[in-house]
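Participant: I am sharing query28.cif, which consists of mmCIF, C-alpha atoms:
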```cif
data_data
loop_
_atom_site.label_atom_id
_atom_site.label_comp_id
_atom_site.auth_asym_id
_atom_site.auth_seq_id
_atom_site.Cartn_x
_atom_site.Cartn_y
_atom_site.Cartn_z
CA MET A 206 -19.68 -89.12 42.89
CA ALA A 207 -17.37 -86.21 42.07
CA GLU A 208 -15.47 -86.30 38.78
CA LEU A 209 -12.30 -84.49 37.76
CA TYR A 210 -10.57 -84.04 34.43
CA ARG A 211 -7.37 -82.16 33.63
CA SER A 212 -5.25 -82.41 30.49
CA ASP A 213 -2.18 -80.86 28.95
CA VAL A 214 0.15 -81.20 25.98
CA ILE A 215 3.72 -82.33 26.72
CA PRO A 216 6.36 -81.53 24.05
CA ALA A 217 7.86 -85.05 23.90
CA THR A 218 6.67 -88.39 22.53
CA ALA A 219 4.32 -90.49 24.64
CA THR A 220 7.06 -93.12 24.87
CA ARG A 221 9.52 -90.65 26.40
CA VAL A 222 7.01 -89.19 28.83
CA TRP A 223 5.81 -92.66 29.79
CA SER A 224 9.36 -93.62 30.71
CA VAL A 225 9.13 -91.00 33.46
CA VAL A 226 5.56 -91.39 34.74
CA ARG A 227 5.33 -95.19 34.42
CA ASP A 228 7.33 -95.63 37.63
CA PHE A 229 4.68 -95.72 40.36
CA ASN A 230 7.37 -94.72 42.88
CA ALA A 231 8.65 -91.69 40.95
CA LEU A 232 6.35 -88.89 42.13
CA PRO A 233 9.25 -87.06 43.87
CA LEU A 234 11.03 -86.94 40.48
CA TRP A 235 8.29 -85.31 38.42
CA THR A 236 5.90 -83.55 40.78
CA PRO A 237 6.78 -80.49 42.87
CA PHE A 238 4.77 -81.47 45.94
CA VAL A 239 6.00 -84.98 46.85
CA ALA A 240 9.06 -85.07 49.13
CA SER A 241 9.66 -88.82 49.31
CA SER A 242 8.08 -92.09 48.24
CA ARG A 243 8.53 -95.81 48.79
CA ILE A 244 6.78 -98.97 47.70
CA GLU A 245 5.51 -100.95 50.67
CA GLY A 246 6.74 -104.48 51.29
CA GLY A 247 9.70 -104.12 48.93
CA MET A 248 7.53 -104.85 45.91
CA PRO A 249 8.56 -103.72 42.41
CA ALA A 250 6.84 -100.47 41.37
CA ASP A 251 5.37 -102.07 38.24
CA ARG A 252 3.69 -104.91 40.11
CA VAL A 253 -0.05 -104.33 39.91
CA GLY A 254 -1.38 -104.27 43.46
CA CYS A 255 1.69 -102.59 44.95
CA VAL A 256 1.19 -99.67 47.35
CA ARG A 257 3.13 -96.40 47.18
CA ASN A 258 3.55 -94.60 50.46
CA PHE A 259 4.59 -91.01 49.95
CA ARG A 260 5.05 -87.86 51.98
CA LEU A 261 3.96 -84.47 50.70
CA ARG A 262 6.14 -81.41 51.20
CA ASP A 263 3.47 -80.09 53.58
CA GLY A 264 3.92 -83.22 55.72
CA GLY A 265 0.81 -85.20 54.75
CA VAL A 266 1.17 -88.92 54.03
CA ILE A 267 -0.77 -90.65 51.25
CA ARG A 268 -0.99 -94.38 50.45
CA GLU A 269 -2.15 -95.38 46.97
CA LYS A 270 -2.60 -98.81 45.38
CA LEU A 271 -1.73 -99.51 41.75
CA LEU A 272 -4.83 -101.03 40.10
CA MET A 273 -3.79 -101.03 36.43
CA LEU A 274 -0.61 -100.45 34.45
CA ASP A 275 -0.75 -100.51 30.65
CA ASP A 276 2.48 -100.14 28.66
CA HIS A 277 0.59 -100.28 25.37
CA ALA A 278 -1.96 -97.56 26.12
CA HIS A 279 0.53 -95.63 28.33
CA ALA A 280 -1.90 -95.52 31.24
CA CYS A 281 -2.12 -96.31 34.91
CA THR A 282 -5.00 -96.42 37.39
CA TYR A 283 -4.70 -96.22 41.16
CA ALA A 284 -6.85 -95.89 44.27
CA ILE A 285 -6.28 -93.93 47.46
CA LEU A 286 -6.05 -96.14 50.56
CA GLU A 287 -5.25 -93.35 53.04
CA ALA A 288 -4.96 -89.60 52.63
CA PRO A 289 -5.39 -86.37 54.58
CA MET A 290 -8.17 -85.32 52.19
CA PRO A 291 -11.74 -86.36 53.18
CA VAL A 292 -12.39 -88.59 50.14
CA THR A 293 -13.58 -92.17 49.75
CA ASN A 294 -13.75 -94.53 46.76
CA TYR A 295 -11.10 -92.40 45.07
CA VAL A 296 -9.87 -93.90 41.77
CA ALA A 297 -7.70 -91.96 39.30
CA THR A 298 -6.25 -92.67 35.86
CA LEU A 299 -3.34 -91.01 34.10
CA ARG A 300 -3.17 -91.64 30.34
CA LEU A 301 -0.79 -90.48 27.62
CA SER A 302 -1.85 -90.40 23.96
CA PRO A 303 0.40 -89.54 21.04
CA VAL A 304 -0.08 -86.24 19.23
CA ALA A 305 1.15 -88.01 16.12
CA ARG A 306 1.62 -85.06 13.84
CA ASP A 307 3.60 -82.99 16.32
CA GLY A 308 5.77 -85.61 18.04
CA ALA A 309 4.14 -84.56 21.31
CA CYS A 310 1.83 -86.27 23.75
CA PHE A 311 -1.57 -85.51 25.22
CA ALA A 312 -1.72 -86.23 28.94
CA GLU A 313 -5.10 -86.77 30.59
CA TRP A 314 -5.74 -87.24 34.28
CA THR A 315 -9.16 -88.24 35.58
CA ALA A 316 -10.47 -89.04 39.03
CA GLU A 317 -13.72 -90.11 40.64
CA PHE A 318 -14.41 -90.03 44.36
CA ASP A 319 -17.08 -89.63 47.02
CA CYS A 320 -17.04 -86.87 49.63
CA ALA A 321 -19.37 -84.73 51.72
CA ALA A 322 -21.31 -82.34 49.49
CA ALA A 323 -19.97 -79.36 51.41
CA ASP A 324 -16.37 -80.43 50.75
CA GLU A 325 -16.80 -81.10 47.03
CA PRO A 326 -16.02 -77.68 45.49
CA ALA A 327 -12.83 -77.26 47.53
CA LEU A 328 -11.68 -80.84 46.84
CA LEU A 329 -12.30 -80.50 43.10
CA ARG A 330 -10.19 -77.34 43.11
CA GLN A 331 -7.51 -78.70 45.42
CA ILE A 332 -7.00 -81.97 43.53
CA GLY A 333 -7.77 -80.66 40.04
CA ASP A 334 -5.64 -77.52 40.15
CA GLY A 335 -3.34 -78.13 43.11
CA VAL A 336 -2.38 -81.70 42.20
CA PHE A 337 -3.23 -82.69 38.61
CA ALA A 338 -2.76 -79.39 36.75
CA THR A 339 0.31 -78.50 38.83
CA ALA A 340 1.96 -81.86 38.18
CA LEU A 341 1.14 -81.71 34.45
CA THR A 342 2.63 -78.21 34.21
CA HIS A 343 5.75 -79.47 35.94
CA LEU A 344 5.94 -82.39 33.51
CA ARG A 345 5.52 -80.06 30.52
CA GLN A 346 8.33 -77.82 31.75
CA ARG A 347 10.56 -80.83 32.40
CA PHE A 348 10.34 -81.61 28.67
CA GLY A 349 11.07 -78.05 27.64
CA GLY A 350 7.53 -76.67 27.45
CA ARG A 351 6.58 -73.10 28.22
CA ALA A 352 5.66 -72.08 31.73
CA MET B 69 -5.59 -104.21 6.48
CA ILE B 70 -4.03 -100.74 6.55
CA LYS B 71 -4.25 -98.59 9.68
CA VAL B 72 -3.90 -94.82 9.67
CA ASP B 73 -3.91 -93.17 13.10
CA THR B 74 -3.03 -89.52 13.41
CA SER B 75 -3.69 -86.67 15.80
CA THR B 76 -3.00 -83.02 16.37
CA ILE B 77 -3.69 -80.07 18.64
CA ILE B 78 -6.00 -77.31 17.39
CA ASP B 79 -5.47 -73.89 18.97
CA ALA B 80 -9.16 -73.37 19.64
CA PRO B 81 -11.59 -74.48 22.35
CA ILE B 82 -13.24 -77.86 21.89
CA GLU B 83 -16.71 -76.30 21.62
CA ASP B 84 -15.62 -74.35 18.53
CA VAL B 85 -14.00 -77.35 16.84
CA TRP B 86 -16.97 -79.61 17.58
CA ALA B 87 -19.46 -77.01 16.36
CA LEU B 88 -17.59 -76.85 13.06
CA ILE B 89 -17.12 -80.57 12.35
CA ARG B 90 -20.06 -82.25 14.16
CA ASP B 91 -22.48 -82.20 11.25
CA PHE B 92 -21.74 -85.08 8.84
CA ASN B 93 -22.29 -82.81 5.85
CA SER B 94 -20.12 -79.99 7.23
CA HIS B 95 -16.98 -81.27 5.52
CA VAL B 96 -17.97 -79.45 2.34
CA HIS B 97 -17.62 -76.22 4.32
CA TRP B 98 -14.20 -76.88 5.87
CA HIS B 99 -12.32 -79.64 4.02
CA PRO B 100 -10.43 -78.42 0.94
CA ALA B 101 -10.69 -81.78 -0.88
CA ILE B 102 -14.52 -81.73 -0.98
CA ALA B 103 -16.14 -80.02 -3.97
CA ALA B 104 -19.82 -80.75 -3.26
CA SER B 105 -21.75 -82.85 -0.75
CA HIS B 106 -25.30 -83.59 0.27
CA ILE B 107 -27.11 -85.89 2.68
CA GLU B 108 -29.29 -88.44 0.92
CA ASP B 109 -33.03 -88.96 1.42
CA GLY B 110 -33.66 -85.57 3.06
CA ARG B 111 -32.14 -86.62 6.39
CA THR B 112 -30.06 -84.30 8.58
CA GLY B 113 -26.29 -84.47 8.99
CA ASP B 114 -26.59 -85.46 12.65
CA ALA B 115 -28.91 -88.43 12.07
CA VAL B 116 -27.06 -91.68 12.70
CA GLY B 117 -27.38 -93.73 9.54
CA ALA B 118 -27.32 -90.63 7.34
CA ILE B 119 -25.45 -91.04 4.07
CA ARG B 120 -23.36 -88.23 2.61
CA ALA B 121 -22.79 -88.32 -1.14
CA PHE B 122 -19.94 -86.12 -2.28
CA HIS B 123 -17.39 -85.35 -4.96
CA LEU B 124 -13.74 -84.57 -4.45
CA THR B 125 -12.17 -81.57 -6.16
CA THR B 126 -10.34 -84.15 -8.28
CA GLY B 127 -13.68 -85.54 -9.49
CA GLU B 128 -14.09 -88.87 -7.67
CA ALA B 129 -17.49 -89.63 -6.11
CA LEU B 130 -17.93 -91.27 -2.69
CA ARG B 131 -20.82 -92.20 -0.40
CA GLU B 132 -20.25 -92.56 3.34
CA GLU B 133 -22.57 -93.62 6.16
CA LEU B 134 -22.57 -92.09 9.65
CA LEU B 135 -22.23 -95.03 12.08
CA SER B 136 -22.12 -93.22 15.42
CA LEU B 137 -22.30 -89.68 16.79
CA SER B 138 -21.71 -88.70 20.42
CA ASP B 139 -22.12 -85.19 21.77
CA ALA B 140 -20.97 -86.48 25.16
CA GLU B 141 -17.69 -87.88 23.83
CA ARG B 142 -17.50 -85.40 20.93
CA SER B 143 -16.81 -88.23 18.51
CA PHE B 144 -18.24 -89.83 15.42
CA SER B 145 -17.49 -92.76 13.15
CA TYR B 146 -18.37 -93.55 9.57
CA ARG B 147 -17.75 -95.99 6.75
CA ILE B 148 -17.44 -95.82 3.00
CA LEU B 149 -20.31 -97.41 1.10
CA THR B 150 -19.19 -96.75 -2.47
CA SER B 151 -16.10 -94.97 -3.73
CA ASP B 152 -14.26 -94.17 -6.95
CA VAL B 153 -11.09 -94.19 -4.81
CA PRO B 154 -10.00 -97.80 -4.13
CA LEU B 155 -10.70 -97.75 -0.37
CA LEU B 156 -12.31 -101.02 0.72
CA ASN B 157 -13.79 -101.95 4.09
CA TYR B 158 -12.99 -98.40 5.21
CA THR B 159 -14.16 -97.41 8.70
CA ALA B 160 -12.98 -94.17 10.32
CA HIS B 161 -13.28 -92.51 13.73
CA VAL B 162 -12.96 -88.91 14.85
CA THR B 163 -12.67 -87.92 18.50
CA LEU B 164 -11.98 -84.61 20.25
CA ARG B 165 -10.75 -84.07 23.81
CA PRO B 166 -10.27 -80.77 25.68
CA VAL B 167 -6.79 -79.56 26.62
CA THR B 168 -7.81 -78.00 29.93
CA ALA B 169 -4.41 -76.39 30.59
CA SER B 170 -4.62 -74.17 27.53
CA ALA B 171 -8.23 -74.18 26.23
CA ARG B 172 -7.16 -76.04 23.10
CA THR B 173 -8.36 -79.27 21.48
CA TYR B 174 -6.80 -82.71 20.96
CA TRP B 175 -8.13 -84.25 17.74
CA ARG B 176 -7.56 -87.90 16.83
CA TRP B 177 -8.63 -89.26 13.43
CA TRP B 178 -8.04 -92.90 12.61
CA SER B 179 -9.20 -95.62 10.21
CA ARG B 180 -8.69 -99.12 8.91
CA PHE B 181 -9.15 -100.16 5.31
CA ASP B 182 -8.07 -102.48 2.51
CA THR B 183 -7.01 -101.57 -0.99
CA ALA B 184 -5.72 -103.22 -4.14
CA PRO B 185 -2.32 -104.95 -3.82
CA GLY B 186 0.50 -102.55 -4.65
CA GLN B 187 -1.52 -99.44 -3.77
CA GLU B 188 -1.14 -99.67 0.02
CA ALA B 189 1.56 -97.00 0.43
CA GLU B 190 -0.10 -94.56 -1.93
CA LEU B 191 -3.54 -94.89 -0.34
CA GLU B 192 -2.13 -94.71 3.17
CA GLN B 193 -0.43 -91.42 2.31
CA THR B 194 -3.54 -90.08 0.57
CA VAL B 195 -5.69 -90.79 3.62
CA ARG B 196 -3.13 -89.51 6.15
CA GLU B 197 -1.95 -86.41 4.31
CA GLY B 198 -4.61 -85.58 1.75
CA VAL B 199 -7.61 -86.25 3.99
CA TYR B 200 -6.68 -86.10 7.67
CA HIS B 201 -3.77 -83.65 7.78
CA ALA B 202 -5.37 -81.41 5.16
CA GLY B 203 -8.50 -81.41 7.33
CA PHE B 204 -6.51 -80.52 10.45
CA ASP B 205 -4.86 -77.63 8.61
CA ALA B 206 -8.12 -76.32 7.20
CA VAL B 207 -9.88 -76.34 10.59
CA SER B 208 -6.83 -74.72 12.20
CA ALA B 209 -6.74 -72.00 9.58
CA ARG B 210 -10.44 -71.37 9.92
CA LEU B 211 -10.57 -71.23 13.74
CA CYS B 212 -7.15 -69.81 14.51
CA GLY B 213 -6.15 -68.04 11.32
#
```
As C-alpha cells, how would this structure be written, given the file I've shared?
Facilitator:
Amino acid sequence: MAELYRSDVIPATATRVWSVVRDFNALPLWTPFVASSRIEGGMPADRVGCVRNFRLRDGGVIREKLLMLDDHAHACTYAILEAPMPVTNYVATLRLSPVARDGACFAEWTAEFDCAAADEPALLRQIGDGVFATALTHLRQRFGGRA
Amino acid sequence: MIKVDTSTIIDAPIEDVWALIRDFNSHVHWHPAIAASHIEDGRTGDAVGAIRAFHLTTGEALREELLSLSDAERSFSYRILTSDVPLLNYTAHVTLRPVTASARTYWRWWSRFDTAPGQEAELEQTVREGVYHAGFDAVSARLCG
C-alpha cells in the first residue's frame, strides 16, 4: 500500500475555499490539468455515490466515485474507478481545516493505493507533485496567495 | 461547557516545533506565562500519566496530567487536576501537521472546560489569548525570530 500526503495553506477561510472544492464536478474550475468534467447519469455532484468522468488536458480520462462528503469537516473522499495510471484500490481524501488565528485554511490531501513495486516511486511523484501539490498551488493562487 | 479551538501556522518545520513542545515539562522553557514547572514523582515529561506541577508568572499554581502522547501523530492531550484558576473539567489537545508545500507547521490547540457562572467570557479569552496565542507567539519567536 502506497501512501501520499501533501498540504498547503490557502489565504481564505475554510468556508470560502470549501465553496469551490466541494463541487465534485468542479475540477476544471480549480485545477490546471482537467479540461472537462461531467457527473455520470445526470446525478447531482453532492450525491454520495455519484461518479465524475473527466478528461485531462493530456487526453487521459479518469472516472472517480464520491465516497464521502462532509460539509461540517470540509472534507471529501473518493475512489478511482478507471484511470490511465496503473493503480488499484486508490482512495483519496481532501480536507480543509481552519487556521483560526489567521483567517486562512489548511488544506490536506491524502491518498492510498496499490501498484507494482517498480511503479511506486514514479506514481508517488506523479500524483503527489503533479496532481495534489499542483492543484493546491493553483488553489492558493486563486485566493491571492504567492506563487 | 466552553470550547476554545484555535490554530496557526508556524514558519518552521514540524520536526523543530515538535522537538520543542513534545516534552510535557517543556512549557517552562517556551511559554511566557509559566514561571516554574516540574514533573511529579521523578517521572519523565514524555511518560503518559505524568503530572506537571507549575506556577504562572502571576502566581497561581496548577497541576496537569498528560493523557496521551503520539510521536506518530505529533499530538498530545492533557487535563487539569487542580488549579487556582477556575478551570473545571478542563481537557486540552495539541496537534501538529506538516505544511508540505512550504516546510512549515500547522498547529491546532483546543479544549473544553467549565467555569463559574459569569466568568465564561473572561476565562475563554484567558485560555485563547493568554495561553494558546501567547504560546504560538513564543514558539514562533523562538524558532523563526
Participant: Nearest residue to Ser170 (chain B) out of A:Trp223, A:Tyr283, A:Phe311, A:Phe318, using only C-alpha atoms?
Facilitator: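 Among A:Trp223, A:Tyr283, A:Phe311, A:Phe318, it is A:Phe311 that comes nearest to Ser170 (chain B).
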Participant: Quick one: which region 281-351 of chain A residues come within 12 Å of region 201-208 of chain B, and what is the nearest atom pair for each with the distance in Å to one decimal, counting only C-alpha atoms, rows ordered by chain and ascending number, as a tab-separated table?
Facilitator:
```
residue	atom	partner	partner_atom	distance
A:Ala305	CA	B:His201	CA	10.6
A:Arg306	CA	B:His201	CA	8.2
A:Asp307	CA	B:His201	CA	11.3
```
Participant: Please evaluate the PyMOL selection byres ((chain A and resi 315) around 10) against the structure above and give the resulting residues as an NGL selection string.
Facilitator: :A and (208-212 or 282 or 296-300 or 313-314 or 316-317 or 333 or 337)
Participant: Applied to the shown file, which residues does the PyMOL selection byres ((chain B and resi 150) around 6) return, written as number ranges by chain?
Facilitator: B: 130-131, 148-149, 151
Participant: Might you spell out which residues the PyMOL selection byres ((chain B) within 8 of (chain A)) would select in the displayed file, as a list in words?
Facilitator: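 So the PyMOL selection byres ((chain B) within 8 of (chain A)), applied here, picks out Asp73, Thr74, Ser75, Thr76, Ile77, Pro166, Val167, Thr168, Ala169, Ser170 and Tyr174 of chain B.
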Participant: What does the distance between CA of His99 (chain B) and CA of Ala140 (chain B) come to in Å, to one decimal place?
Facilitator: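 Taking CA of His99 (chain B) and CA of Ala140 (chain B), their separation equals 23.8 Å.
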Participant: Using all atoms listed in the file, which residues sit within 12 Å of Ala327 (chain A) once same-chain residues fewer than 5 positions away are excluded, as JSON, numbers by chain?
Facilitator: {"A": [207, 290, 291, 292, 320, 321, 322, 332, 333, 334, 335]}
Participant: Once you have the residues from the selection above, write them out as a compact mmCIF listing (two decimals), in the coordinates of the input, restricted to C-alpha atoms.
Facilitator:
```txt
# COMPACT_ATOMS: atom_id res chain seq x y z
CA ALA A 207 -17.37 -86.21 42.07
CA MET A 290 -8.17 -85.32 52.19
CA PRO A 291 -11.74 -86.36 53.18
CA VAL A 292 -12.39 -88.59 50.14
CA CYS A 320 -17.04 -86.87 49.63
CA ALA A 321 -19.37 -84.73 51.72
CA ALA A 322 -21.31 -82.34 49.49
CA ILE A 332 -7.00 -81.97 43.53
CA GLY A 333 -7.77 -80.66 40.04
CA ASP A 334 -5.64 -77.52 40.15
CA GLY A 335 -3.34 -78.13 43.11
```
Participant: Looking at only C-alpha atoms, which of B:Thr163, B:Thr112, B:Gln193, B:Gln187 is the one that sits closest to Ile89 (chain B)?
Facilitator: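 The answer is B:Thr163, which sits nearest to Ile89 (chain B).
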Participant: Excluding Ala288 (chain A) and residues on its chain fewer than 5 positions from it, collect all residues at most 12 Å away from it, counting all atoms listed in the file, and give them as a list in words.
Facilitator: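 Selected residues are Arg257, Asn258, Phe259, Arg260, Leu261, Gly264, Gly265, Val266, Ile267, Arg268, Glu269, Lys270, Thr293, Asn294 and Tyr295 of chain A.
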Participant: Counting all atoms listed in the file, what is within 7 Å of region 226-236 of chain A, bar same-chain residues fewer than 2 positions away, as a PDB file with C-alpha atoms, keeping the file's coordinate frame?
Facilitator:
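File produced: part32.pdb:
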```pdb
ATOM      1  CA  VAL A 222       7.010 -89.190  28.830  1.00  0.00           C
ATOM      2  CA  TRP A 223       5.810 -92.660  29.790  1.00  0.00           C
ATOM      3  CA  SER A 224       9.360 -93.620  30.710  1.00  0.00           C
ATOM      4  CA  PHE A 238       4.770 -81.470  45.940  1.00  0.00           C
ATOM      5  CA  VAL A 239       6.000 -84.980  46.850  1.00  0.00           C
ATOM      6  CA  ALA A 240       9.060 -85.070  49.130  1.00  0.00           C
ATOM      7  CA  SER A 241       9.660 -88.820  49.310  1.00  0.00           C
ATOM      8  CA  SER A 242       8.080 -92.090  48.240  1.00  0.00           C
ATOM      9  CA  ARG A 243       8.530 -95.810  48.790  1.00  0.00           C
ATOM     10  CA  ILE A 244       6.780 -98.970  47.700  1.00  0.00           C
ATOM     11  CA  ALA A 250       6.840-100.470  41.370  1.00  0.00           C
ATOM     12  CA  ASP A 251       5.370-102.070  38.240  1.00  0.00           C
ATOM     13  CA  ARG A 257       3.130 -96.400  47.180  1.00  0.00           C
ATOM     14  CA  ALA A 340       1.960 -81.860  38.180  1.00  0.00           C
ATOM     15  CA  HIS A 343       5.750 -79.470  35.940  1.00  0.00           C
ATOM     16  CA  LEU A 344       5.940 -82.390  33.510  1.00  0.00           C
TER      17      LEU A 344
END
```
Participant: Separation of CA of Ser145 (chain B) and CA of Trp175 (chain B), in Å?
Facilitator: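 Result for CA of Ser145 (chain B) versus CA of Trp175 (chain B): 13.5 Å, one decimal.
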Participant: At a cut-off of 12 Å, using only C-alpha atoms, what residues contact Ser138 (chain B)? Leave out same-chain residues fewer than 6 positions from it and give the result as a PyMOL selection string.
Facilitator: chain B and resi 86+90-91+114-116+144-145+161-164
Participant: Would you mind completing region 231-254 of chain A so that it carries N, CA and C atoms, and writing it out as a PDB file, in the frame of the given file?
Facilitator:
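Printed below is part_30.pdb as written:
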```
ATOM      1  N   ALA A 231       7.818 -92.809  41.414  1.00  0.00           N
ATOM      2  CA  ALA A 231       8.650 -91.690  40.950  1.00  0.00           C
ATOM      3  C   ALA A 231       8.029 -90.309  41.173  1.00  0.00           C
ATOM      4  N   LEU A 232       6.970 -90.218  41.942  1.00  0.00           N
ATOM      5  CA  LEU A 232       6.350 -88.890  42.130  1.00  0.00           C
ATOM      6  C   LEU A 232       7.328 -87.815  42.590  1.00  0.00           C
ATOM      7  N   PRO A 233       8.305 -88.130  43.465  1.00  0.00           N
ATOM      8  CA  PRO A 233       9.250 -87.060  43.870  1.00  0.00           C
ATOM      9  C   PRO A 233      10.075 -86.538  42.687  1.00  0.00           C
ATOM     10  N   LEU A 234      10.211 -87.356  41.619  1.00  0.00           N
ATOM     11  CA  LEU A 234      11.030 -86.940  40.480  1.00  0.00           C
ATOM     12  C   LEU A 234      10.292 -85.988  39.553  1.00  0.00           C
ATOM     13  N   TRP A 235       8.977 -86.119  39.444  1.00  0.00           N
ATOM     14  CA  TRP A 235       8.290 -85.310  38.420  1.00  0.00           C
ATOM     15  C   TRP A 235       7.143 -84.462  38.925  1.00  0.00           C
ATOM     16  N   THR A 236       6.886 -84.489  40.231  1.00  0.00           N
ATOM     17  CA  THR A 236       5.900 -83.550  40.780  1.00  0.00           C
ATOM     18  C   THR A 236       6.592 -82.647  41.789  1.00  0.00           C
ATOM     19  N   PRO A 237       6.120 -81.426  41.958  1.00  0.00           N
ATOM     20  CA  PRO A 237       6.780 -80.490  42.870  1.00  0.00           C
ATOM     21  C   PRO A 237       6.354 -80.645  44.329  1.00  0.00           C
ATOM     22  N   PHE A 238       5.340 -81.472  44.592  1.00  0.00           N
ATOM     23  CA  PHE A 238       4.770 -81.470  45.940  1.00  0.00           C
ATOM     24  C   PHE A 238       5.018 -82.759  46.723  1.00  0.00           C
ATOM     25  N   VAL A 239       5.728 -83.730  46.133  1.00  0.00           N
ATOM     26  CA  VAL A 239       6.000 -84.980  46.850  1.00  0.00           C
ATOM     27  C   VAL A 239       7.467 -84.995  47.284  1.00  0.00           C
ATOM     28  N   ALA A 240       7.698 -85.136  48.587  1.00  0.00           N
ATOM     29  CA  ALA A 240       9.060 -85.070  49.130  1.00  0.00           C
ATOM     30  C   ALA A 240       9.758 -86.421  49.037  1.00  0.00           C
ATOM     31  N   SER A 241       9.033 -87.500  49.326  1.00  0.00           N
ATOM     32  CA  SER A 241       9.660 -88.820  49.310  1.00  0.00           C
ATOM     33  C   SER A 241       8.600 -89.873  49.076  1.00  0.00           C
ATOM     34  N   SER A 242       9.027 -91.024  48.566  1.00  0.00           N
ATOM     35  CA  SER A 242       8.080 -92.090  48.240  1.00  0.00           C
ATOM     36  C   SER A 242       8.767 -93.438  48.376  1.00  0.00           C
ATOM     37  N   ARG A 243       8.009 -94.447  48.801  1.00  0.00           N
ATOM     38  CA  ARG A 243       8.530 -95.810  48.790  1.00  0.00           C
ATOM     39  C   ARG A 243       7.389 -96.760  48.454  1.00  0.00           C
ATOM     40  N   ILE A 244       7.771 -97.931  47.965  1.00  0.00           N
ATOM     41  CA  ILE A 244       6.780 -98.970  47.700  1.00  0.00           C
ATOM     42  C   ILE A 244       6.782 -99.904  48.908  1.00  0.00           C
ATOM     43  N   GLU A 245       5.604-100.140  49.454  1.00  0.00           N
ATOM     44  CA  GLU A 245       5.510-100.950  50.670  1.00  0.00           C
ATOM     45  C   GLU A 245       5.875-102.411  50.388  1.00  0.00           C
ATOM     46  N   GLY A 246       6.457-103.049  51.355  1.00  0.00           N
ATOM     47  CA  GLY A 246       6.740-104.480  51.290  1.00  0.00           C
ATOM     48  C   GLY A 246       7.835-104.848  50.299  1.00  0.00           C
ATOM     49  N   GLY A 247       8.599-103.841  49.850  1.00  0.00           N
ATOM     50  CA  GLY A 247       9.700-104.120  48.930  1.00  0.00           C
ATOM     51  C   GLY A 247       9.271-104.644  47.571  1.00  0.00           C
ATOM     52  N   MET A 248       8.021-104.379  47.213  1.00  0.00           N
ATOM     53  CA  MET A 248       7.530-104.850  45.910  1.00  0.00           C
ATOM     54  C   MET A 248       8.080-103.989  44.778  1.00  0.00           C
ATOM     55  N   PRO A 249       8.210-104.555  43.566  1.00  0.00           N
ATOM     56  CA  PRO A 249       8.560-103.720  42.410  1.00  0.00           C
ATOM     57  C   PRO A 249       7.431-102.734  42.108  1.00  0.00           C
ATOM     58  N   ALA A 250       7.816-101.539  41.588  1.00  0.00           N
ATOM     59  CA  ALA A 250       6.840-100.470  41.370  1.00  0.00           C
ATOM     60  C   ALA A 250       5.935-100.731  40.169  1.00  0.00           C
ATOM     61  N   ASP A 251       6.261-101.756  39.369  1.00  0.00           N
ATOM     62  CA  ASP A 251       5.370-102.070  38.240  1.00  0.00           C
ATOM     63  C   ASP A 251       4.560-103.332  38.500  1.00  0.00           C
ATOM     64  N   ARG A 252       4.514-103.753  39.763  1.00  0.00           N
ATOM     65  CA  ARG A 252       3.690-104.910  40.110  1.00  0.00           C
ATOM     66  C   ARG A 252       2.288-104.410  40.464  1.00  0.00           C
ATOM     67  N   VAL A 253       1.310-104.781  39.659  1.00  0.00           N
ATOM     68  CA  VAL A 253      -0.050-104.330  39.910  1.00  0.00           C
ATOM     69  C   VAL A 253      -0.483-104.841  41.281  1.00  0.00           C
ATOM     70  N   GLY A 254      -1.022-103.934  42.086  1.00  0.00           N
ATOM     71  CA  GLY A 254      -1.380-104.270  43.460  1.00  0.00           C
ATOM     72  C   GLY A 254      -0.421-103.676  44.473  1.00  0.00           C
TER      73      GLY A 254
END
```
